[in-house]
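A.B. asks: If you scroll down you'll find the structure; I have some questions about it.
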Amino acid sequence: MNTLNKILILGSGQAAIYAASEIRKYDKDSEISIFGNENYHPYERPPLSKEFLMGKKKEEEFLFFSKNFFADQNIHYINKEINGVDFINKSLISFDNKKYFFDKLLITTGSTNRRIAIDEEIDNEIYYLRNLDDANQIKKKASEVNSIAIIGGGFIGLEIASSLNQQNKSVSLIEISNQLMGRIIPFPIANLVKVEHEKHGNKIYLDSKIKSIEKTNDAFKILLDNDHVIEAEMIIGGIGSIPTVDLFNDSDLKLKNGILTNAYNQTSVENVYAAGDVSNFFHPLYQKNIRLESYQHAQNQGINAGKNIAGIKSEYLSIPWMWSDQFDLNLQLTGLCDDYHEIIERGENIENGIIYFFIKDDKIVGACGLGLTGKVGRDIRIASKLIEKQTIIDKKILSNQKEKLNPLLKK
Amino acid sequence: MTNENWIEVGKSDSIDMEDLIRFDHSGKTFCVYRIEDGFYATDGICTHEAVHLEDGLVMDDEIECPMHQGIFNIKTGEAISPPACDDLKTYPVKVENDLVYINIS
C-alpha cells in the first residue's frame with residue numbers, strides 16, 4: 001500500500017517554488033509535484049520588464065534556486081497543461097485526460113493580463129508582458145522598430161517605458177486617468193515619476209482615452225479622445241490583470257476577486273490551499289480580505305502555505321510591500337494606503353528620497369517613497385515594521401529626515 | 001598576519017550603535033557595522049542585485065538590503081532571507097585606541 005502523501009501544486013511561479021521548498025524542509029517523504037505550462041523552471045519575473053529587456057540579464061540568471069533544485073529536493077516539475085479539476089475525487093485532469101490524484105493541493109495559478117479590446121485585427125497585434133516568452137517577443141520586436149506606444153501607466157507600462165527608452169526607443173505612454181500608477185500612489189510621487197520619464201524623452205499622455213487605432217503599412221496611428229495622434233510601429237498593453245480562476249468557475253471553490261482563503265491559506269475546500277496573486281486572503285491585521293500582486297507576497301505567502309501544508313499551523317501576517325525600478329529611481333510602497341486620517345511627508349528631493357506616511361489613529365497604516373536607488377528602502381522597511389507592531393508614532397520624527405527612524409523600532 | 005593588512009576605517013564613535021558606515025578602499029566598497037557585541041565588516045554590495053548596503057537597515061545582527069529586502073547575517077555573511085541567496089563576504093575587524101580597522105587581505 002502506498003502511504004505517501006501526494007502534494008500537487010498547480011501553477012509554477014514564485015509562490016509555487018517557495019511553497020515546495022518550504023514543505024520539503026519539514027516533510028522529506030511526501031511526493032511533491034509542481035504543474036506548470038511554461039517550458040522553464042520557476043524564474044523571477046521582475047527582471048522581465050527591466051534588466052532582461054535591456055539585455056543586462058539573461059534568463060539563466062533569474063531562475064529561482066539552482067538548476068539542481070528539483071533533483072536535489074526530490075520535487076517533480078511536470079510541464080503539462082491542466083484543464084480540469086475534480087475536488088470530490090481529489091484529482092487534476094490534464095489536457096490529454098490523465099488524472100493526477102492529490103491528498104493536498106496548492107493553487108498558485110497567478111493572474112492573467114487584461115487585454116485591450118478595440119478592433120480584433122489590431123487587438124491581436126498588441127504585445128503584453130507576463131512571462132519569459134512574452135518578454136522575448138517584446139525584445140525581438142522592439143529591436144526591429146523605433147517608435148513604441150504603451151497603453152497603461154501602471155508599474156509594468158512604466159518599467160517597460162523606462163527600459164525601452166534606455167534602448168534608445170521613442171516611447172509614448174497613454175494613461176486613461178489623470179495620474180500615473182493609480183490613486184494608491186500619492187499624486188506628488190506619481191508626478192515626479194512622470195517628470196523623470198519626460199526628462200529622458202518619453203511622452204506621457206494623461207487623461208487620454210483611445211478613440212481608434214488605424215493600421216497604416218507597418219505602423220499604427222492611435223487617435224486619442226483629446227485629439228492627440230500618436231504614431232507607433234509597436235503597441236504594448238499594460239492595463240492590469242485578473243486572478244487566473246477559469247478552471248474553478250463551476251467548482252465548489254469559493255471565488256471572489258480570486259480564491260477566498262483564510263489566514264492559513266486554506267480555501268473553502270478541505271485540503272485545498274491557495275497562495276500568491278490568485279488568493280484573496282484574510283489579513284488578521286487589516287481584518288479584511290486583500291489580494292496582492294507582488295514579488296514579496298508571492299514568496300512569503302508561498303512559504304506560509306508550505307508550512308501549513310506540512311502541518312505547521314502558520315498565520316499569514318506579512319505587511320504588503322512592493323517596489324518598482326524606473327531609470328535610476330526606486331519606488332517602494334508598504335501597507336495599505338486606502339484608509340487614513342492624515343499624510344506626513346518626509347524629505348524634499350529624490351536625491352535623498354521622499355516618503356509619504358499614511359496615518360490613522362496615530363499609527364502608520366501605509367507608506368510610499370521614491371528616491372534614487374537605495375534611498376527610501378530603509379525607512380520604508382522601518383514603516384513596515386511599525387505597521388506590524390502598530391506603534392504609536394511621533395509625527396515630528398517622521399517628518400524630519402535628519403532624524404533617524406530606527407529608534408522608533410525600540411519603542 | 002602583518003600590520004600592513006589592517007586598514008584604518010575611522011573613529012569607533014563615528015558609527016552609531018546598530019548602524020553601519022560605508023568604507024571604500026582600493027576600488028572596493030565595504031560596510032562596517034557596530035552592533036551590541038562589537039564591530040563587523042562585510043562587502044558593501046548586495047549579492048542579489050548590485051545595490052550598496054550602506055542604506056540598508058541594521059537590526060540586531062542582520063543587515064537588510066534597501067532595494068529588495070534580502071537579509072544577511074552581519075557576523076557570518078550568511079544570506080538568511082530571500083531574494084538574497086549568495087552569502088556576503090566578511091572581514092576581520094579590530095578596534096585599537098578608539099580606531100576601527102578592517103583586514104581586507
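Identifiers in this document derive from the order of the C-alpha cells: chains are assigned A, B, ..., residues are numbered from 1 separately in each chain, and ligands are numbered from 1 in order of occurrence.
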Output as a PyMOL selection string the set of chain B residues within 6 Å of chain A, with distances taken over only C-alpha atoms.

C.D. replies: chain B and resi 55-57+66-67

A.B. asks: Any idea what's packed within 12 Å of Asn97 (chain B), counting only C-alpha atoms, ignoring anything in its chain fewer than 2 positions away? Could you give it as a list in words?

C.D. replies: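 My list of contacting residues is Glu8, Gly10, Lys11, Ser12, Asp13, Lys94, Val95, Leu99, Val100 and Tyr101 of chain B.
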
A.B. asks: Determine, counting only C-alpha atoms, which protein, DNA and RNA residues have an atom within 8 Å of an atom of region 189-200 of chain A; residues of the same chain fewer than 6 positions away are not included. Present the result as a PyMOL selection string.

C.D. replies: chain A and resi 162+165+179-181+327+369-370

A.B. asks: May I have the residues from that selection written out with C-alpha atoms, as a PDB file, in the first residue's frame?

C.D. replies:
```
ATOM      1  CA  SER A 162      11.955  53.118 -18.900  1.00  0.00           C
ATOM      2  CA  ASN A 165      13.874  54.409 -23.541  1.00  0.00           C
ATOM      3  CA  GLN A 179      -2.112  60.390 -12.825  1.00  0.00           C
ATOM      4  CA  LEU A 180       0.314  57.513 -13.256  1.00  0.00           C
ATOM      5  CA  MET A 181       0.207  54.309 -11.180  1.00  0.00           C
ATOM      6  CA  PHE A 327      15.566  54.775 -14.698  1.00  0.00           C
ATOM      7  CA  GLY A 369       8.538  56.516  -1.107  1.00  0.00           C
ATOM      8  CA  LEU A 370      10.545  57.491  -4.163  1.00  0.00           C
TER       9      LEU A 370
END
```

A.B. asks: Give me the residues of region 4-114 of chain A that have any atom at most 12 Å from an atom of region 42-54 of chain B; for each, the nearest atom pair and the distance in Å, rounded to one decimal. Use only C-alpha atoms, sort by chain and number, and format it as a tab-separated table.

C.D. replies:
```
residue	atom	partner	partner_atom	distance
A:Glu44	CA	B:His48	CA	11.8
A:Pro46	CA	B:Glu49	CA	11.8
A:Pro47	CA	B:Glu49	CA	10.6
A:Glu51	CA	B:Glu49	CA	10.5
A:Lys56	CA	B:Glu49	CA	11.5
A:Lys57	CA	B:Glu49	CA	10.7
A:Glu61	CA	B:His48	CA	10.6
A:Phe62	CA	B:His48	CA	10.1
A:Phe64	CA	B:His48	CA	11.6
```

A.B. asks: Which residue is closest to Asn5 (chain A)? Choose from A:Glu293, A:Lys104, A:Glu22, A:Lys363 and count only C-alpha atoms.

C.D. replies: A:Lys104

A.B. asks: Using only C-alpha atoms, which protein or nucleic acid residues come within 12 Å of region 132-148 of chain A? Drop anything in the same chain fewer than 6 positions from it, and give the result as number ranges by chain.

C.D. replies: A: 13, 37-55, 58-60, 62-63, 113, 125-126, 156-157, 160-174, 202-203, 218-222, 230-237

A.B. asks: Would you kindly return, as a ChimeraX atom specification, each protein, DNA or RNA residue with an atom no farther than 10 Å from any atom of Leu8 (chain A), considering only C-alpha atoms and excluding same-chain residues fewer than 4 positions away?

C.D. replies: /A:16,20,31-35,76,91-92,100-107,272

A.B. asks: I need the residues from that last selection saved to file as a PDB file, in the first residue's frame (with C-alpha atoms), if you can.

C.D. replies:
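Heads up, here's the output in selection13.pdb:
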```
ATOM      1  CA  ALA A  16       4.783  27.502  -6.063  1.00  0.00           C
ATOM      2  CA  ALA A  20       7.540  23.361  -2.423  1.00  0.00           C
ATOM      3  CA  GLU A  31       5.621  13.251  -3.172  1.00  0.00           C
ATOM      4  CA  ILE A  32       5.616  16.890  -4.340  1.00  0.00           C
ATOM      5  CA  SER A  33       4.807  17.828  -7.941  1.00  0.00           C
ATOM      6  CA  ILE A  34       4.570  21.282  -9.489  1.00  0.00           C
ATOM      7  CA  PHE A  35       2.451  21.589 -12.656  1.00  0.00           C
ATOM      8  CA  HIS A  76       8.827  16.892  -9.716  1.00  0.00           C
ATOM      9  CA  SER A  91      -7.600  14.893  -8.829  1.00  0.00           C
ATOM     10  CA  LEU A  92      -6.317  17.225 -11.506  1.00  0.00           C
ATOM     11  CA  TYR A 100      -3.257  13.188 -11.109  1.00  0.00           C
ATOM     12  CA  PHE A 101      -4.511  12.403  -7.618  1.00  0.00           C
ATOM     13  CA  PHE A 102      -3.676  14.507  -4.586  1.00  0.00           C
ATOM     14  CA  ASP A 103      -4.010  14.414  -0.822  1.00  0.00           C
ATOM     15  CA  LYS A 104      -3.315  18.133  -0.648  1.00  0.00           C
ATOM     16  CA  LEU A 105      -3.498  20.690  -3.430  1.00  0.00           C
ATOM     17  CA  LEU A 106      -1.963  24.153  -3.531  1.00  0.00           C
ATOM     18  CA  ILE A 107      -3.287  26.520  -6.205  1.00  0.00           C
ATOM     19  CA  VAL A 272      -7.034  22.723  -0.924  1.00  0.00           C
TER      20      VAL A 272
END
```

A.B. asks: Could you give me, as a list in words, each residue of region 24-90 of chain A that DSSP assigns to strand (DSSP E) when run on this structure's backbone?

C.D. replies: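 Residues meeting the strand (DSSP E) criterion: Glu31, Ile32, Ser33, Ile34, Phe35, Gly36, Ile75, His76, Tyr77, Ile78, Asn79, Ile82, Asn83, Gly84, Val85 and Asp86 of chain A.
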